[in-house]
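In what follows, a single structure is set out as structure tokens and then discussed.
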Amino acid sequence: MSAQPDQQAPVLDIDELTVAFGDATVVDRVSLRVRRGEVVALVGESGSGKSLTARAVLGLLPESARAGGSIRLAGAQVIGAGESALRELRGTKAAMVFQEPQTALNPVQTIGTQIAQALRAHGVTDKAAVRTRAIELLTAVDIPEPADRLDWYPHQLSGGQKQRVAIALALTGEPELLIADEPTTALDVTVQAEILALLRSLQRERGTAILFITHNLGVVAEIADRVVVLREGRVIEEQTVFGLFAEPGQDYTRTLLAAVPRLPAVSPRGGVRESATEDLRRVVTRDPAVVAEKGGGRAEADYRDIVRIDDLSVVFPDRHGGAAFPALRRVSLTLGPREVLGLVGESGSGKSTLGRAALGLVAATSGQVRLQGMSLRGVSRRELRGLRKHVALVHQDVSASLDPRRTVADAIGEPLLVHRAASGTLLRAKVAHLLESVRLPGDYAQRRPGELSGGQRQRVALARALALAPRLLVADEPTSALDVSVQAQVLDLFADLRAEYGFACLFISHDLAVVHQVADRVVVLRQGRIVETGAVGAVFAAPAQEYTRRLLDAVPVPDPSTARRGRGGSAAGALLSIGA
């Protein structure tokens with residue numbers, strides 16, 4: 001059973017916290033409490049102050065920031081504390097799981113070395129004891145073959161495994177409070193369910209308090225006990241999770257809930273429930289009129305291919321003498337003008353490799369890729385450069401794709417300069433227009449990536465990709481770091497730009513509800529193979545394959561009552577139904 005938080009003193013007590021940069025106050029008199037064994041979700045749009053509030057708890061604010069008010073962590077005052085006092089609190093009283101495990105882990109050190117460093121910092125110095133404890137931690141976060149994985153590097157792990165290692169590192173000091181900053185961002189739905197189940201088991205079995213920062217309200221419904229809503233640095237609402245979803249008290253909260261994409265209802269046997277819409281039933285029957293309507297005015301049979309992939313296999317050789325890794329296995333598909341094809345599947349299924357192969361960024365081991373009618377096998381660099389003027393990629397790891405030393409204007413304007421499409425005054429005007437298109441103020445042009453939130457960096461990446469009005473856009477998790485309201489705006493923008501410029505898109509995402517909203521067709525990948533494909537409404541409403549059904553079952557439901565009934569085999573839902 002869950003702990004009774006009202007009977008316990010808070011592990012974290014924030015009172016009237018303010019954070020300012022110069023004359024700008026970005027966190028304004030925020031107060032919240034987290035008790036032992038409680039999960040408190042902190043939600044709000046990008047730039048609302050969620051991550052700054054979390055970083056203030058550990059004294060990790062930038063040097064240019066001024067903090068006021070009170071933060072008591074396990075009874076100790078954080079505001080005004082010296083560095084030595086903060087070091088005593090970090091890791092033992094509270095630890096943070098950062099938003100992007102790829103950047104939180106050192107790429108040139110093994111997993112074992114990084115865990116060992118953290119353990120030694122907390123007083124475990126005996127070499128054998130360090131190794132034993134490291135294996136215990138990896139076992140606790142469900143890393144397979146933990147003794148072997150100690151010698152692996154971060155790049156050898158999947159996204160979900162990297163996130164588990166980040167959680168293991170946070171647990172080295174056995175903290176009373178775990179601060180999880182977007183810990184499921186960019187994870188596929190099944191791995192997301194596993195991470196939620198892991199966090200909930202820590203909360204239940206260890207009594208760990210969790211401050212959970214997220215933009216995903218479906219995840220909030222799965223895991224939170226209470227919810228604190230931030231807007232422009234201020235707390236505007238605080239309720240139990242059941243109260244918030246049943247009767248939100250603020251229009252802003254209602255707007256956030258209304259912006260959550262939802263999947264169609266599916267019966268346990270795979271048919272569409274009677275409550276589903278008539279339009280969805282027509283898609284399930286593959287009505288050509290509906291397919292044509294969703295495909296921008298032309299039926300699928302009328303498409304001429306922007307991308308055609310025939311029997312494509314991609315095998316990555318092992319650099320250390322081990323077995324080669326087959327990333328794609330005899331994949332065939334087509335993408336027509338104006339069409340959006342969703343690529344879904346678990347981490348390691350080959351989604352990103354397929355997208356990059358379509359752009360000629362990954363070489364085919366066998367098979368054929370044709371881009372705008374031209375085979376990429378044996379194409380010259382000059383010909384490939386000419387093709388790439390009409391294609392664009394939104395990278396999965398946005399932080400790594402933006403140069404931290406260059407401004408936003410530099411990043412967005414680079415494609416225009418490289419392809420000599422604009423310079424001088426025209427370049428500045430186009431950059432300003434693109435910033436406006438992705439809902440960023442014009443003065444952000446002179447900011448650098450480190451000064452932006454994760455969602456703002458994602459929008460900069462989208463603006464850069466759209467700079468040359470591409471005919472083909474490969475969007476690799478383009479909304480993964482966006483809160484639901486900004487995600488809705490970006491998806492609306494995506495639809496507007498698609499209608500205006502008529503580009504085709506390979507849309508790679510772990511968010512099946514987003515894919516259902518934007519895609520005409522969907523391809524389901526598993527271990528490098530296509531296991532199912534078809535009109536997106538048909539596949540999601542009546543999946544033919546058990547694997548597809550498992551993906552759909554793992555999607556978080558933005559309804560805590562439904563989520564905690566252990567619906568559809570969801571690991572997180574099942575654990576919540578036990579622990580709630």
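We name chains A, B, ... following the order of the structure tokens; residues begin at 1 in each chain, and ligands are numbered from 1 as shown.
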
Could you name the residues that touch Val536 (chain A) at 7 Å or less, counting only C-alpha atoms, but leaving out those on the same chain fewer than 5 positions away, as a list in words?
->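 Those residues are His516, Ala519, Asp520, Arg521 and Val522 of chain A.
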
Residues at most 8 Å from Ala475 (chain A), counting only C-alpha atoms, excluding those fewer than 6 positions away in the same chain, as a list in words?
->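 Selected residues are Leu393, Val394, His395, Cys505, Leu506, Phe507 and Ile508 of chain A.
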
Excluding same-chain residues fewer than 3 positions from Ala121 (chain A), what lies within 12 Å of it counting only C-alpha atoms, as an MDAnalysis selection string?
-> chainID A and resid 87:88 90:92 114:118 124:125 130 169 172:173

For Val362 (chain A), work out the shell of residues within 12 Å, counting only C-alpha atoms and skipping chain neighbours fewer than 6 positions away, then give it as a PyMOL selection string.
-> chain A and resi 312-316+327-328+350+352-356+369+376-377

Let's have the selection written as a JSON list (two decimals), in the first residue's frame, with all heavy atoms.
[["chain", "number", "residue", "atom", "x", "y", "z"],
["A", 312, "LEU", "N", 15.79, -3.72, -48.50],
["A", 312, "LEU", "CA", 16.95, -3.07, -47.88],
["A", 312, "LEU", "C", 17.39, -3.80, -46.61],
["A", 312, "LEU", "O", 16.59, -4.07, -45.72],
["A", 312, "LEU", "CB", 16.60, -1.62, -47.53],
["A", 312, "LEU", "CG", 17.65, -0.85, -46.71],
["A", 312, "LEU", "CD1", 18.90, -0.61, -47.55],
["A", 312, "LEU", "CD2", 17.06, 0.47, -46.22],
["A", 313, "SER", "N", 18.69, -4.10, -46.56],
["A", 313, "SER", "CA", 19.31, -4.61, -45.34],
["A", 313, "SER", "C", 20.49, -3.71, -44.98],
["A", 313, "SER", "O", 21.23, -3.27, -45.87],
["A", 313, "SER", "CB", 19.80, -6.05, -45.52],
["A", 313, "SER", "OG", 18.70, -6.93, -45.69],
["A", 314, "VAL", "N", 20.63, -3.42, -43.69],
["A", 314, "VAL", "CA", 21.77, -2.65, -43.19],
["A", 314, "VAL", "C", 22.38, -3.44, -42.04],
["A", 314, "VAL", "O", 21.69, -3.76, -41.06],
["A", 314, "VAL", "CB", 21.36, -1.25, -42.71],
["A", 314, "VAL", "CG1", 22.54, -0.54, -42.06],
["A", 314, "VAL", "CG2", 20.80, -0.42, -43.86],
["A", 315, "VAL", "N", 23.66, -3.78, -42.16],
["A", 315, "VAL", "CA", 24.36, -4.54, -41.13],
["A", 315, "VAL", "C", 25.54, -3.71, -40.66],
["A", 315, "VAL", "O", 26.37, -3.26, -41.47],
["A", 315, "VAL", "CB", 24.84, -5.90, -41.68],
["A", 315, "VAL", "CG1", 25.62, -6.66, -40.59],
["A", 315, "VAL", "CG2", 23.67, -6.73, -42.18],
["A", 316, "PHE", "N", 25.61, -3.49, -39.34],
["A", 316, "PHE", "CA", 26.72, -2.74, -38.76],
["A", 316, "PHE", "C", 27.77, -3.73, -38.23],
["A", 316, "PHE", "O", 27.46, -4.56, -37.37],
["A", 316, "PHE", "CB", 26.24, -1.85, -37.61],
["A", 316, "PHE", "CG", 25.34, -0.73, -38.06],
["A", 316, "PHE", "CD1", 24.07, -0.58, -37.50],
["A", 316, "PHE", "CD2", 25.74, 0.16, -39.03],
["A", 316, "PHE", "CE1", 23.23, 0.44, -37.90],
["A", 316, "PHE", "CE2", 24.91, 1.19, -39.44],
["A", 316, "PHE", "CZ", 23.65, 1.33, -38.88],
["A", 327, "ALA", "N", 20.81, -4.18, -38.44],
["A", 327, "ALA", "CA", 19.88, -3.12, -38.02],
["A", 327, "ALA", "C", 18.58, -3.16, -38.82],
["A", 327, "ALA", "O", 17.51, -2.84, -38.29],
["A", 327, "ALA", "CB", 20.55, -1.75, -38.17],
["A", 328, "LEU", "N", 18.66, -3.50, -40.12],
["A", 328, "LEU", "CA", 17.49, -3.63, -40.97],
["A", 328, "LEU", "C", 17.59, -4.92, -41.76],
["A", 328, "LEU", "O", 18.68, -5.28, -42.24],
["A", 328, "LEU", "CB", 17.37, -2.44, -41.94],
["A", 328, "LEU", "CG", 17.09, -1.07, -41.33],
["A", 328, "LEU", "CD1", 17.16, 0.02, -42.40],
["A", 328, "LEU", "CD2", 15.73, -1.03, -40.64],
["A", 350, "GLY", "N", 15.11, -0.28, -35.53],
["A", 350, "GLY", "CA", 15.61, 0.14, -36.84],
["A", 350, "GLY", "C", 14.96, 1.39, -37.39],
["A", 350, "GLY", "O", 15.22, 1.76, -38.55],
["A", 352, "SER", "N", 15.28, 4.74, -36.71],
["A", 352, "SER", "CA", 16.20, 5.83, -37.07],
["A", 352, "SER", "C", 17.14, 5.42, -38.20],
["A", 352, "SER", "O", 17.44, 6.22, -39.09],
["A", 352, "SER", "CB", 17.01, 6.27, -35.84],
["A", 352, "SER", "OG", 16.16, 6.84, -34.86],
["A", 353, "THR", "N", 17.60, 4.16, -38.20],
["A", 353, "THR", "CA", 18.46, 3.68, -39.28],
["A", 353, "THR", "C", 17.73, 3.75, -40.61],
["A", 353, "THR", "O", 18.30, 4.16, -41.63],
["A", 353, "THR", "CB", 18.91, 2.24, -38.99],
["A", 353, "THR", "OG1", 19.62, 2.20, -37.75],
["A", 353, "THR", "CG2", 19.81, 1.73, -40.11],
["A", 354, "LEU", "N", 16.46, 3.38, -40.62],
["A", 354, "LEU", "CA", 15.67, 3.43, -41.85],
["A", 354, "LEU", "C", 15.52, 4.87, -42.34],
["A", 354, "LEU", "O", 15.67, 5.15, -43.54],
["A", 354, "LEU", "CB", 14.30, 2.80, -41.61],
["A", 354, "LEU", "CG", 13.34, 2.74, -42.80],
["A", 354, "LEU", "CD1", 13.99, 2.05, -43.99],
["A", 354, "LEU", "CD2", 12.06, 2.01, -42.40],
["A", 355, "GLY", "N", 15.26, 5.79, -41.43],
["A", 355, "GLY", "CA", 15.14, 7.20, -41.81],
["A", 355, "GLY", "C", 16.43, 7.75, -42.39],
["A", 355, "GLY", "O", 16.43, 8.46, -43.40],
["A", 356, "ARG", "N", 17.55, 7.40, -41.77],
["A", 356, "ARG", "CA", 18.84, 7.89, -42.26],
["A", 356, "ARG", "C", 19.25, 7.22, -43.56],
["A", 356, "ARG", "O", 19.89, 7.85, -44.41],
["A", 356, "ARG", "CB", 19.91, 7.68, -41.17],
["A", 356, "ARG", "CG", 19.64, 8.50, -39.92],
["A", 356, "ARG", "CD", 20.64, 8.20, -38.81],
["A", 356, "ARG", "NE", 21.96, 8.72, -39.12],
["A", 356, "ARG", "CZ", 22.35, 9.97, -38.90],
["A", 356, "ARG", "NH1", 21.51, 10.84, -38.36],
["A", 356, "ARG", "NH2", 23.56, 10.36, -39.19],
["A", 369, "VAL", "N", 17.82, 1.82, -52.37],
["A", 369, "VAL", "CA", 17.12, 3.01, -51.92],
["A", 369, "VAL", "C", 17.09, 3.99, -53.08],
["A", 369, "VAL", "O", 18.14, 4.33, -53.64],
["A", 369, "VAL", "CB", 17.80, 3.67, -50.69],
["A", 369, "VAL", "CG1", 17.06, 4.95, -50.30],
["A", 369, "VAL", "CG2", 17.87, 2.71, -49.52],
["A", 376, "LEU", "N", 20.52, 5.58, -54.74],
["A", 376, "LEU", "CA", 21.62, 6.08, -53.91],
["A", 376, "LEU", "C", 22.84, 5.18, -53.95],
["A", 376, "LEU", "O", 23.88, 5.51, -53.39],
["A", 376, "LEU", "CB", 21.14, 6.23, -52.45],
["A", 376, "LEU", "CG", 20.01, 7.23, -52.21],
["A", 376, "LEU", "CD1", 19.73, 7.39, -50.73],
["A", 376, "LEU", "CD2", 20.35, 8.59, -52.83],
["A", 377, "ARG", "N", 22.71, 4.02, -54.60],
["A", 377, "ARG", "CA", 23.86, 3.14, -54.72],
["A", 377, "ARG", "C", 24.78, 3.67, -55.82],
["A", 377, "ARG", "O", 24.39, 3.81, -56.98],
["A", 377, "ARG", "CB", 23.41, 1.72, -55.05],
["A", 377, "ARG", "CG", 24.57, 0.71, -55.12],
["A", 377, "ARG", "CD", 24.06, -0.70, -55.38],
["A", 377, "ARG", "NE", 23.27, -1.20, -54.27],
["A", 377, "ARG", "CZ", 23.79, -1.74, -53.17],
["A", 377, "ARG", "NH1", 25.10, -1.84, -53.04],
["A", 377, "ARG", "NH2", 23.00, -2.19, -52.21]]

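In this model, the gap between CA of Leu187 (chain A) and CA of Thr479 (chain A) comes to 12.0 Å.
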
Suppose you want the space between CA of Val39 (chain A) and CA of Ile210 (chain A); what is it in Å?
-> 4.7 Å

Hey, what's within 10 Å of region 242-244 of chain A if we count only C-alpha atoms and toss same-chain stuff fewer than 2 positions away? As a PDB file with all heavy atoms, in the first residue's frame, please?
ATOM      1  N   ALA A 221      -0.807  10.628 -15.177  1.00  0.00           N
ATOM      2  CA  ALA A 221      -1.949   9.820 -14.754  1.00  0.00           C
ATOM      3  C   ALA A 221      -1.501   8.456 -14.250  1.00  0.00           C
ATOM      4  O   ALA A 221      -2.109   7.886 -13.343  1.00  0.00           O
ATOM      5  CB  ALA A 221      -2.935   9.658 -15.908  1.00  0.00           C
ATOM      6  N   ALA A 224       1.643   9.640 -10.694  1.00  0.00           N
ATOM      7  CA  ALA A 224       1.645  10.689  -9.669  1.00  0.00           C
ATOM      8  C   ALA A 224       0.594  10.464  -8.586  1.00  0.00           C
ATOM      9  O   ALA A 224      -0.469   9.895  -8.827  1.00  0.00           O
ATOM     10  CB  ALA A 224       1.432  12.052 -10.321  1.00  0.00           C
ATOM     11  N   ASP A 225       0.915  10.941  -7.370  1.00  0.00           N
ATOM     12  CA  ASP A 225      -0.068  11.047  -6.289  1.00  0.00           C
ATOM     13  C   ASP A 225      -0.692  12.437  -6.280  1.00  0.00           C
ATOM     14  O   ASP A 225      -1.900  12.583  -6.135  1.00  0.00           O
ATOM     15  CB  ASP A 225       0.600  10.767  -4.929  1.00  0.00           C
ATOM     16  CG  ASP A 225       1.185   9.364  -4.849  1.00  0.00           C
ATOM     17  OD1 ASP A 225       0.470   8.416  -5.221  1.00  0.00           O
ATOM     18  OD2 ASP A 225       2.352   9.222  -4.432  1.00  0.00           O
ATOM     19  N   ARG A 226       0.173  13.456  -6.424  1.00  0.00           N
ATOM     20  CA  ARG A 226      -0.305  14.841  -6.512  1.00  0.00           C
ATOM     21  C   ARG A 226       0.339  15.509  -7.719  1.00  0.00           C
ATOM     22  O   ARG A 226       1.383  15.077  -8.195  1.00  0.00           O
ATOM     23  CB  ARG A 226       0.040  15.633  -5.242  1.00  0.00           C
ATOM     24  CG  ARG A 226      -0.799  15.279  -4.041  1.00  0.00           C
ATOM     25  CD  ARG A 226      -0.581  16.236  -2.861  1.00  0.00           C
ATOM     26  NE  ARG A 226       0.791  16.197  -2.369  1.00  0.00           N
ATOM     27  CZ  ARG A 226       1.656  17.205  -2.474  1.00  0.00           C
ATOM     28  NH1 ARG A 226       1.288  18.339  -3.073  1.00  0.00           N
ATOM     29  NH2 ARG A 226       2.871  17.108  -1.996  1.00  0.00           N
ATOM     30  N   VAL A 227      -0.302  16.584  -8.176  1.00  0.00           N
ATOM     31  CA  VAL A 227       0.176  17.309  -9.354  1.00  0.00           C
ATOM     32  C   VAL A 227       0.237  18.793  -9.022  1.00  0.00           C
ATOM     33  O   VAL A 227      -0.717  19.362  -8.475  1.00  0.00           O
ATOM     34  CB  VAL A 227      -0.750  17.090 -10.571  1.00  0.00           C
ATOM     35  CG1 VAL A 227      -0.149  17.745 -11.810  1.00  0.00           C
ATOM     36  CG2 VAL A 227      -1.000  15.613 -10.817  1.00  0.00           C
ATOM     37  N   VAL A 228       1.376  19.405  -9.357  1.00  0.00           N
ATOM     38  CA  VAL A 228       1.551  20.851  -9.222  1.00  0.00           C
ATOM     39  C   VAL A 228       1.721  21.414 -10.634  1.00  0.00           C
ATOM     40  O   VAL A 228       2.603  20.970 -11.381  1.00  0.00           O
ATOM     41  CB  VAL A 228       2.781  21.192  -8.359  1.00  0.00           C
ATOM     42  CG1 VAL A 228       2.998  22.704  -8.308  1.00  0.00           C
ATOM     43  CG2 VAL A 228       2.616  20.627  -6.948  1.00  0.00           C
ATOM     44  N   VAL A 229       0.882  22.380 -11.000  1.00  0.00           N
ATOM     45  CA  VAL A 229       0.891  22.949 -12.348  1.00  0.00           C
ATOM     46  C   VAL A 229       1.565  24.316 -12.300  1.00  0.00           C
ATOM     47  O   VAL A 229       1.147  25.195 -11.534  1.00  0.00           O
ATOM     48  CB  VAL A 229      -0.536  23.085 -12.914  1.00  0.00           C
ATOM     49  CG1 VAL A 229      -0.489  23.632 -14.341  1.00  0.00           C
ATOM     50  CG2 VAL A 229      -1.260  21.747 -12.876  1.00  0.00           C
ATOM     51  N   GLU A 237      -2.051  25.795  -9.869  1.00  0.00           N
ATOM     52  CA  GLU A 237      -2.996  24.788  -9.405  1.00  0.00           C
ATOM     53  C   GLU A 237      -2.230  23.643  -8.765  1.00  0.00           C
ATOM     54  O   GLU A 237      -1.143  23.278  -9.207  1.00  0.00           O
ATOM     55  CB  GLU A 237      -3.856  24.261 -10.558  1.00  0.00           C
ATOM     56  CG  GLU A 237      -4.918  23.271 -10.121  1.00  0.00           C
ATOM     57  CD  GLU A 237      -5.996  23.059 -11.165  1.00  0.00           C
ATOM     58  OE1 GLU A 237      -5.891  23.635 -12.279  1.00  0.00           O
ATOM     59  OE2 GLU A 237      -6.953  22.323 -10.879  1.00  0.00           O
ATOM     60  N   GLU A 238      -2.801  23.072  -7.708  1.00  0.00           N
ATOM     61  CA  GLU A 238      -2.248  21.886  -7.062  1.00  0.00           C
ATOM     62  C   GLU A 238      -3.407  21.017  -6.594  1.00  0.00           C
ATOM     63  O   GLU A 238      -4.293  21.488  -5.868  1.00  0.00           O
ATOM     64  CB  GLU A 238      -1.356  22.255  -5.879  1.00  0.00           C
ATOM     65  CG  GLU A 238      -0.763  21.044  -5.178  1.00  0.00           C
ATOM     66  CD  GLU A 238       0.184  21.415  -4.055  1.00  0.00           C
ATOM     67  OE1 GLU A 238       0.538  22.605  -3.939  1.00  0.00           O
ATOM     68  OE2 GLU A 238       0.560  20.516  -3.273  1.00  0.00           O
ATOM     69  N   GLN A 239      -3.418  19.760  -7.035  1.00  0.00           N
ATOM     70  CA  GLN A 239      -4.485  18.830  -6.681  1.00  0.00           C
ATOM     71  C   GLN A 239      -3.935  17.414  -6.610  1.00  0.00           C
ATOM     72  O   GLN A 239      -2.842  17.126  -7.101  1.00  0.00           O
ATOM     73  CB  GLN A 239      -5.604  18.851  -7.738  1.00  0.00           C
ATOM     74  CG  GLN A 239      -6.513  20.052  -7.749  1.00  0.00           C
ATOM     75  CD  GLN A 239      -7.846  19.708  -8.397  1.00  0.00           C
ATOM     76  OE1 GLN A 239      -8.550  18.812  -7.924  1.00  0.00           O
ATOM     77  NE2 GLN A 239      -8.183  20.416  -9.460  1.00  0.00           N
ATOM     78  N   THR A 240      -4.730  16.500  -6.035  1.00  0.00           N
ATOM     79  CA  THR A 240      -4.435  15.084  -6.212  1.00  0.00           C
ATOM     80  C   THR A 240      -4.577  14.758  -7.689  1.00  0.00           C
ATOM     81  O   THR A 240      -5.281  15.457  -8.433  1.00  0.00           O
ATOM     82  CB  THR A 240      -5.399  14.198  -5.412  1.00  0.00           C
ATOM     83  OG1 THR A 240      -6.714  14.319  -5.965  1.00  0.00           O
ATOM     84  CG2 THR A 240      -5.407  14.593  -3.938  1.00  0.00           C
ATOM     85  N   ALA A 246     -10.173  14.856 -13.026  1.00  0.00           N
ATOM     86  CA  ALA A 246     -11.637  14.849 -12.995  1.00  0.00           C
ATOM     87  C   ALA A 246     -12.206  16.255 -13.083  1.00  0.00           C
ATOM     88  O   ALA A 246     -13.149  16.508 -13.843  1.00  0.00           O
ATOM     89  CB  ALA A 246     -12.131  14.162 -11.721  1.00  0.00           C
ATOM     90  N   GLU A 247     -11.623  17.195 -12.325  1.00  0.00           N
ATOM     91  CA  GLU A 247     -12.148  18.567 -12.270  1.00  0.00           C
ATOM     92  C   GLU A 247     -11.013  19.563 -12.176  1.00  0.00           C
ATOM     93  O   GLU A 247     -10.751  20.114 -11.095  1.00  0.00           O
ATOM     94  CB  GLU A 247     -13.103  18.739 -11.076  1.00  0.00           C
ATOM     95  CG  GLU A 247     -14.380  17.912 -11.174  1.00  0.00           C
ATOM     96  CD  GLU A 247     -15.347  18.245 -10.050  1.00  0.00           C
ATOM     97  OE1 GLU A 247     -15.342  19.399  -9.577  1.00  0.00           O
ATOM     98  OE2 GLU A 247     -16.090  17.349  -9.636  1.00  0.00           O
ATOM     99  N   PRO A 248     -10.298  19.817 -13.267  1.00  0.00           N
ATOM    100  CA  PRO A 248      -9.240  20.836 -13.223  1.00  0.00           C
ATOM    101  C   PRO A 248      -9.824  22.191 -12.866  1.00  0.00           C
ATOM    102  O   PRO A 248     -10.880  22.569 -13.368  1.00  0.00           O
ATOM    103  CB  PRO A 248      -8.664  20.817 -14.644  1.00  0.00           C
ATOM    104  CG  PRO A 248      -9.732  20.196 -15.493  1.00  0.00           C
ATOM    105  CD  PRO A 248     -10.466  19.241 -14.616  1.00  0.00           C
ATOM    106  N   GLY A 249      -9.117  22.911 -11.998  1.00  0.00           N
ATOM    107  CA  GLY A 249      -9.659  24.160 -11.502  1.00  0.00           C
ATOM    108  C   GLY A 249      -9.339  25.379 -12.344  1.00  0.00           C
ATOM    109  O   GLY A 249      -9.941  26.439 -12.154  1.00  0.00           O
ATOM    110  N   GLN A 250      -8.389  25.251 -13.279  1.00  0.00           N
ATOM    111  CA  GLN A 250      -7.945  26.400 -14.066  1.00  0.00           C
ATOM    112  C   GLN A 250      -8.126  26.128 -15.562  1.00  0.00           C
ATOM    113  O   GLN A 250      -7.956  24.999 -16.032  1.00  0.00           O
ATOM    114  CB  GLN A 250      -6.461  26.704 -13.786  1.00  0.00           C
ATOM    115  CG  GLN A 250      -6.163  27.059 -12.345  1.00  0.00           C
ATOM    116  CD  GLN A 250      -6.779  28.386 -11.940  1.00  0.00           C
ATOM    117  OE1 GLN A 250      -6.805  29.330 -12.729  1.00  0.00           O
ATOM    118  NE2 GLN A 250      -7.266  28.464 -10.715  1.00  0.00           N
ATOM    119  N   THR A 253      -5.061  24.540 -17.110  1.00  0.00           N
ATOM    120  CA  THR A 253      -4.960  23.099 -16.907  1.00  0.00           C
ATOM    121  C   THR A 253      -5.897  22.358 -17.841  1.00  0.00           C
ATOM    122  O   THR A 253      -5.537  21.313 -18.417  1.00  0.00           O
ATOM    123  CB  THR A 253      -5.280  22.741 -15.446  1.00  0.00           C
ATOM    124  OG1 THR A 253      -4.507  23.564 -14.570  1.00  0.00           O
ATOM    125  CG2 THR A 253      -4.972  21.282 -15.161  1.00  0.00           C
ATOM    126  N   ARG A 254      -7.095  22.887 -18.023  1.00  0.00           N
ATOM    127  CA  ARG A 254      -8.037  22.254 -18.954  1.00  0.00           C
ATOM    128  C   ARG A 254      -7.491  22.268 -20.377  1.00  0.00           C
ATOM    129  O   ARG A 254      -7.675  21.308 -21.137  1.00  0.00           O
ATOM    130  CB  ARG A 254      -9.398  22.964 -18.883  1.00  0.00           C
ATOM    131  CG  ARG A 254     -10.201  22.614 -17.633  1.00  0.00           C
ATOM    132  CD  ARG A 254     -11.618  23.161 -17.714  1.00  0.00           C
ATOM    133  NE  ARG A 254     -11.654  24.591 -17.427  1.00  0.00           N
ATOM    134  CZ  ARG A 254     -11.767  25.113 -16.209  1.00  0.00           C
ATOM    135  NH1 ARG A 254     -11.859  24.312 -15.160  1.00  0.00           N
ATOM    136  NH2 ARG A 254     -11.789  26.415 -16.027  1.00  0.00           N
ATOM    137  N   LEU A 257      -4.891  19.480 -20.675  1.00  0.00           N
ATOM    138  CA  LEU A 257      -5.528  18.165 -20.772  1.00  0.00           C
ATOM    139  C   LEU A 257      -6.182  17.964 -22.133  1.00  0.00           C
ATOM    140  O   LEU A 257      -6.130  16.871 -22.710  1.00  0.00           O
ATOM    141  CB  LEU A 257      -6.559  18.003 -19.660  1.00  0.00           C
ATOM    142  CG  LEU A 257      -5.992  17.903 -18.236  1.00  0.00           C
ATOM    143  CD1 LEU A 257      -7.108  17.970 -17.205  1.00  0.00           C
ATOM    144  CD2 LEU A 257      -5.199  16.618 -18.061  1.00  0.00           C
ATOM    145  N   ASP A 559      -5.885   9.293 -17.976  1.00  0.00           N
ATOM    146  CA  ASP A 559      -7.008   9.087 -17.062  1.00  0.00           C
ATOM    147  C   ASP A 559      -6.507   8.188 -15.937  1.00  0.00           C
ATOM    148  O   ASP A 559      -6.297   6.990 -16.144  1.00  0.00           O
ATOM    149  CB  ASP A 559      -8.173   8.433 -17.803  1.00  0.00           C
ATOM    150  CG  ASP A 559      -9.351   8.117 -16.880  1.00  0.00           C
ATOM    151  OD1 ASP A 559      -9.221   8.288 -15.656  1.00  0.00           O
ATOM    152  OD2 ASP A 559     -10.400   7.686 -17.394  1.00  0.00           O
ATOM    153  N   PRO A 560      -6.283   8.728 -14.741  1.00  0.00           N
ATOM    154  CA  PRO A 560      -5.683   7.914 -13.671  1.00  0.00           C
ATOM    155  C   PRO A 560      -6.522   6.715 -13.265  1.00  0.00           C
ATOM    156  O   PRO A 560      -5.978   5.672 -12.899  1.00  0.00           O
ATOM    157  CB  PRO A 560      -5.527   8.913 -12.508  1.00  0.00           C
ATOM    158  CG  PRO A 560      -6.402  10.057 -12.834  1.00  0.00           C
ATOM    159  CD  PRO A 560      -6.495  10.113 -14.323  1.00  0.00           C
ATOM    160  N   SER A 561      -7.837   6.817 -13.335  1.00  0.00           N
ATOM    161  CA  SER A 561      -8.676   5.674 -12.971  1.00  0.00           C
ATOM    162  C   SER A 561      -8.450   4.509 -13.930  1.00  0.00           C
ATOM    163  O   SER A 561      -8.306   3.360 -13.516  1.00  0.00           O
ATOM    164  CB  SER A 561     -10.151   6.086 -12.973  1.00  0.00           C
ATOM    165  OG  SER A 561     -10.386   7.090 -11.999  1.00  0.00           O
TER     166      SER A 561
END

Among the residues A:Ile530, A:Ala147, A:Val189, A:Ile309, the one that comes closest to Ser480 (chain A) [using only C-alpha atoms] | A:Val189

In Å, rounded to a single decimal, give me how far CA of Glu174 (chain A) is from CA of Lys93 (chain A).
->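 A separation of 7.8 Å between them.
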
Using only C-alpha atoms, which residues sit within 9 Å of Arg231 (chain A) once same-chain residues fewer than 6 positions away are excluded, as a VMD selection string?
-> chain A and resid 43 to 45 47 to 49 252

Using only C-alpha atoms, pick whichever of A:Gly218, A:Gly75, A:Gly159, A:Gly68 has the shortest atom-to-atom distance to Arg35 (chain A).
->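 Looking only at the distances to Arg35 (chain A), the closest residue turns out to be A:Gly75.
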